[in-house]
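**Student:** Quick one: this structure, given as structure tokens, is what I'll be asking you about.
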Amino acid sequence: MAGASLAASLLVFHIAILPLVFKYSKSLQRKIVFSNCINYPRNLDYKNPSSCNIVGARNFTVEFESKVDNCPIKLGVWHIVPCCLFKELFVIRDQLDSNARLLNELRKTQNTVVLYCHGNSNHRASPHRLHMYKVFQVLNFHVITFDYRGYGDSTHVRPTEKGVVEDTFHVYSWILDSVSRERKPKILLWGHSLGTAVVAHLTAYMSQLCDKLGKECLPPPDALILEAPFNNLVDEVVHHPFSKLVSWLPYYKATFLEPFMSSSEYAFTTDQYLAMATRVPVLILHSKSDKIVPYDLAIKLYHCAEQSRAGQTSSCPLVMHSFERGRGLGHNNLYQASELPQVVRNAEGIPLYGFPRIIAKVNASEARFARPGSFAVERDGLRRRDAGANHGYITCPMILT
């Protein structure tokens with residue numbers, strides 16, 4: 001009898017109480033989107049990156065007055081240097097301390113600089129993020145990684161989409177102020193999961209943000225790299241594994257989806273942002289075994305971005321690289337893919353403007369995703385179908401595998 005009563009109580013909670021709480025609790029909705037209440041590992045010494053097994057890094061802060069939350073914001077940031085500078089770090093040649101030496105290296109570098117924007121939950125020292133930083137170091141990239149407001153050791157105010165985009169803007173602005181203006185290195189914005197929507201939003205609205213925040217017009221990034229992206233937040237909620245628990249309810253859309261459709265705090269419509277940023281090269285990386293952000297959402301995002309660039313002679317490259325199932329890569333472990341460094345190197349070599357738009361090999365099984373009639377594919381590479389003004393390279397976006 002007690003078991004039946006408990007089962008009935010759980011059923012009532014599932015079909016009546018939970019939907020109502022979710023529909024009207026903005027706090028619960030926000031925690032699901034940002035998950036900044038999840039903080040693992042705990043009790044870290046952010047000021048000492050080496051305690052997190054990172055070699056060649058320094059901690060600092062970026063501080064500003066938020067126009068979104070009308071309060072001072074302090075962001076915890078790490079600067080991680082490339083492997084090629086390790087020798088310089090451990091040989092003392094002057095009286096500068098390590099922080100000053102690392103900043104000096106950034107000021108004169110010609111190496112690519114990556115601004116890494118993490119996804120929801122945890123912080124910049126999460127294990128899978130530490131592993132990805134090491135991939136960047138092997139590629140000889142400078143890495144700038146930080147925690148949004150409400151995460152890690154950054155100012156503890158509730159995050160919103162406008163807030164985390166404002167945070168990213170100020171860190172991006174700091175990078176531009178720190179590198180050489182005369183010989184500016186390439187600057188890539190790398191977003192993972194929720195961070196992909198953040199970097200896409202920043203890029204799409206860069207000029208408007210500069211006006212709003214009283215900054216001189218900043219140049220766009222040299223490329224966006226989107227790791228495990230979704231096309232928009234609503235579709236991600238629909239396809240998230242947890243939705244299976246409630247999607248059978250007849251009022252599922254009204255109680256679980258409509259709050260995300262009408263929220264004033266977040267939209268995360270990456271597909272719309274990329275449609276506004278056609279002059280920036282984009283590389284999409286996604287595992288077919290990703291269960292958090294299904295692969296189909298990345299395909300939708302790719303096709304939407306491709307359509308927005310169709311017929312624009314001044315649009316920039318759009319590339320997608322897929323990682324096959326059965327490799328344990330999932331949502332967070334693309335750093336384990338042995339080919340990832342080469343994929344990023346290939347993308348880094350793509351011209352920034354105009355044609356040729358992509359220079360790469362493709363797997364013939366994925367050729368169906370490319371625009372028909374623009375090229376022919378062979379198993380061992382590319383075969384030119386049209387030797388026109390594009391110097392024999394393919395001239396349309398495609399998906400790489």
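Chain labels run A, B, ... following the order of the structure tokens; each chain numbers its residues from 1, and ligands are numbered from 1 in the order shown.
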List every residue of range 72-210 of chain A that DSSP, applied to the backbone of this structure, places in strand (DSSP E or B), and write the result as a list in words.

**Tutor:** Pro72, Ile73, Lys74, Leu75, Gly76, Val77, Trp78, His79, Ile80, Val113, Val114, Leu115, Tyr116, Cys117, His142, Val143, Ile144, Thr145, Phe146, Ile187, Leu188, Leu189, Trp190, Gly191 and His192 of chain A

**Student:** Closest to Gly150 in chain A among A:Pro221, A:Pro281, A:Gly76, A:Pro82, using only C-alpha atoms?

**Tutor:** A:Gly76

**Student:** To one decimal place, how far is CA of Met261 in chain A from CA of Thr155 in chain A in Å?

**Tutor:**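 For CA of Met261 in chain A relative to CA of Thr155 in chain A, the distance reads 27.8 Å.
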
**Student:** Find the spatial neighbours of range 96-105 of chain A, counting only C-alpha atoms, within a cut-off of 12 Å - ignore same-chain residues fewer than 2 positions away - and output them as a VMD selection string.

**Tutor:** chain A and resid 47 to 48 56 to 60 78 to 82 84 to 86 88 to 94 107 to 111 113 141 to 144 174 to 175 177 to 180

**Student:** Pick out the residues sitting within 7 Å of Asn39 in chain A, and hand them over as a ChimeraX atom specification; count only C-alpha atoms, and ignore anything fewer than 3 positions along from it in its own chain.

**Tutor:** /A:36,42,121-123

**Student:** Which is closest to Val238 in chain A among A:Leu209, A:Ile292, A:Leu285, A:Leu194, if we use only C-alpha atoms?

**Tutor:** A:Ile292

**Student:** Which residues come within 8 Å of Ala223 in chain A, counting only C-alpha atoms, excluding same-chain residues fewer than 2 positions away, as number ranges by chain?

**Tutor:** A: 187-189, 221, 225, 280-283, 352

**Student:** Near His192 in chain A, counting only C-alpha atoms, which residues have an atom at most 7 Å away, once you skip same-chain residues fewer than 2 positions from it, shown as a PyMOL selection string?

**Tutor:** chain A and resi 117-119+190+194-196+226-229

**Student:** Please dump the current selection as an mmCIF file, in the first residue's frame; keep N, CA, C and O atoms.

**Tutor:**
```cif
data_model
loop_
_atom_site.group_PDB
_atom_site.id
_atom_site.type_symbol
_atom_site.label_atom_id
_atom_site.label_comp_id
_atom_site.auth_asym_id
_atom_site.auth_seq_id
_atom_site.Cartn_x
_atom_site.Cartn_y
_atom_site.Cartn_z
ATOM 1 N N CYS A 117 35.689 29.912 -25.333
ATOM 2 C CA CYS A 117 34.469 30.184 -24.577
ATOM 3 C C CYS A 117 33.807 28.857 -24.233
ATOM 4 O O CYS A 117 33.322 28.141 -25.126
ATOM 5 N N HIS A 118 33.797 28.511 -22.958
ATOM 6 C CA HIS A 118 33.311 27.187 -22.565
ATOM 7 C C HIS A 118 31.791 27.110 -22.586
ATOM 8 O O HIS A 118 31.084 28.125 -22.715
ATOM 9 N N GLY A 119 31.287 25.894 -22.442
ATOM 10 C CA GLY A 119 29.847 25.659 -22.416
ATOM 11 C C GLY A 119 29.285 25.848 -21.020
ATOM 12 O O GLY A 119 29.925 26.423 -20.141
ATOM 13 N N TRP A 190 36.800 30.309 -30.330
ATOM 14 C CA TRP A 190 36.465 28.885 -30.227
ATOM 15 C C TRP A 190 35.399 28.732 -29.150
ATOM 16 O O TRP A 190 35.622 29.036 -27.987
ATOM 17 N N LEU A 194 27.297 25.497 -25.428
ATOM 18 C CA LEU A 194 26.642 26.792 -25.259
ATOM 19 C C LEU A 194 27.561 27.934 -25.691
ATOM 20 O O LEU A 194 27.102 28.964 -26.188
ATOM 21 N N GLY A 195 28.868 27.743 -25.541
ATOM 22 C CA GLY A 195 29.829 28.759 -25.955
ATOM 23 C C GLY A 195 29.816 29.035 -27.445
ATOM 24 O O GLY A 195 30.229 30.111 -27.889
ATOM 25 N N THR A 196 29.327 28.078 -28.259
ATOM 26 C CA THR A 196 29.249 28.319 -29.701
ATOM 27 C C THR A 196 28.220 29.407 -30.008
ATOM 28 O O THR A 196 28.423 30.229 -30.902
ATOM 29 N N LEU A 226 33.373 26.187 -33.994
ATOM 30 C CA LEU A 226 32.220 25.804 -33.186
ATOM 31 C C LEU A 226 32.298 24.313 -32.891
ATOM 32 O O LEU A 226 32.110 23.484 -33.780
ATOM 33 N N GLU A 227 32.569 23.982 -31.638
ATOM 34 C CA GLU A 227 32.704 22.599 -31.202
ATOM 35 C C GLU A 227 31.404 22.147 -30.542
ATOM 36 O O GLU A 227 30.975 22.703 -29.543
ATOM 37 N N ALA A 228 30.764 21.138 -31.137
ATOM 38 C CA ALA A 228 29.492 20.597 -30.629
ATOM 39 C C ALA A 228 28.414 21.668 -30.544
ATOM 40 O O ALA A 228 27.808 21.868 -29.480
ATOM 41 N N PRO A 229 28.124 22.374 -31.643
ATOM 42 C CA PRO A 229 27.117 23.437 -31.591
ATOM 43 C C PRO A 229 25.699 22.897 -31.798
ATOM 44 O O PRO A 229 25.494 21.813 -32.346
#
```

**Student:** Write out as a ChimeraX atom specification each polymer residue whose atoms come within 8 Å of range 124-140 of chain A, counting only C-alpha atoms; drop sequence neighbours fewer than 4 positions from it.

**Tutor:** /A:40-41,46,52,54,80-84,111-112,118,145-147,152,332-333,335,341,345

**Student:** Determine the nearest neighbour of Leu20 in chain A from the options A:Ala277, A:Thr269, A:Pro259, A:Pro294, counting only C-alpha atoms.

**Tutor:**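 That would be A:Pro259, the residue with the smallest distance to Leu20 in chain A.
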
**Student:** Using DSSP secondary structure from the backbone, list all alpha helix (DSSP H) positions within range 128-373 of chain A, as a PyMOL selection string.

**Tutor:** chain A and resi 128-138+161-178+194-204+206-213+233-239+252+258-261+270-275+295-309+340-348
